[in-house]
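Just below is one structure, and these are the notes that go with it.
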Amino acid sequence: MKKVLVLDNDEGVLDVMQEALNYEGFQVRIIEETDNIFSVIDSFEPDLIILDYILSGVNGGEICHQIKANPKTTDLPVIIMSAYPRVIGSLGYYGCDDFIAKPFDLDDLVDRIKNLINRGMNKNLHAV
């Protein structure tokens, strides 16, 4: 079972994503705070991370940058979501693998998650 870590501070979004991703066969871990993101990554070992761009007191793009800059997590696919696509477009994508504007289509989200996870698996096969 593939694992998805979701970091967002909107309970409504989290509830919908948890239900939809569980229904699609993903194991989902939801966190609302950014404290110790790397310890959560180490313990949960996600196949993909979804970050909201605007979080309490921190920029999700900066968290993405930290994930991509860390040698242990650099290949971990990251999707950034935001209700403000123009803002992130002007500030850059922080090395994320995909960007989804809110509100989003659940089928599109699931397709993108599957594509990124499969792409990562294929990359790892070629590295062997």
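Just so we're on the same page: first chain in the structure tokens is A, next is B, and so on; residues restart at 1 for each chain, and ligands are numbered from 1 in the order they show up.
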Set the distance at 10 Å and use only C-alpha atoms: which residues neighbour region 1-8 of chain A once local chain neighbours fewer than 2 positions away are removed? I'd like the list as a ChimeraX atom specification. /A:10-14,17-18,21-22,25-34,37,40-41,44-56,60,77-81,113-114,117
Quick check, in Å to one decimal: how far apart do CA of Gly61 (chain A) and CA of Asn118 (chain A) lie?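 It comes out at 23.2 Å.
Taking only chain A, the residues that DSSP calls strand (DSSP E) from the backbone come to Lys3, Val4, Leu5, Val6, Leu7, Gln27, Val28, Arg29, Ile30, Ile31, Leu48, Ile49, Ile50, Leu51, Asp52, Ile54, Leu55, Val58, Asn59, Val78, Ile79, Ile80, Met81, Ser82, Asp98, Phe99, Ile100 and Ala101 of chain A.
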For Lys102 (chain A): contacts at 8 Å, only C-alpha atoms, fewer than 5 positions along chain excluded, given as a ChimeraX atom specification: /A:81-84
With N, CA, C and O atoms retained, write the just-selected residues as a compact mmCIF listing (two decimals), in the first residue's frame.
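selection.txt, written as the output of this step:
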# COMPACT_ATOMS: atom_id res chain seq x y z
N MET A 81 -0.13 22.55 -2.95
CA MET A 81 -1.48 23.00 -3.27
C MET A 81 -1.67 24.42 -2.74
O MET A 81 -1.11 24.76 -1.71
N SER A 82 -2.47 25.20 -3.48
CA SER A 82 -2.75 26.55 -3.01
C SER A 82 -4.01 27.09 -3.65
O SER A 82 -4.31 26.79 -4.81
N ALA A 83 -4.72 27.90 -2.89
CA ALA A 83 -5.87 28.62 -3.42
C ALA A 83 -5.42 29.90 -4.12
O ALA A 83 -6.23 30.62 -4.68
N TYR A 84 -4.12 30.18 -4.10
CA TYR A 84 -3.56 31.39 -4.69
C TYR A 84 -2.51 31.03 -5.74
O TYR A 84 -1.31 31.25 -5.54
For Asp108 (chain A), which of A:Gln66, A:Arg86, A:Ala20, A:Asn9 is the closest residue, counting only C-alpha atoms?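 Residue with the minimum atom-to-atom distance to Asp108 (chain A): A:Ala20.
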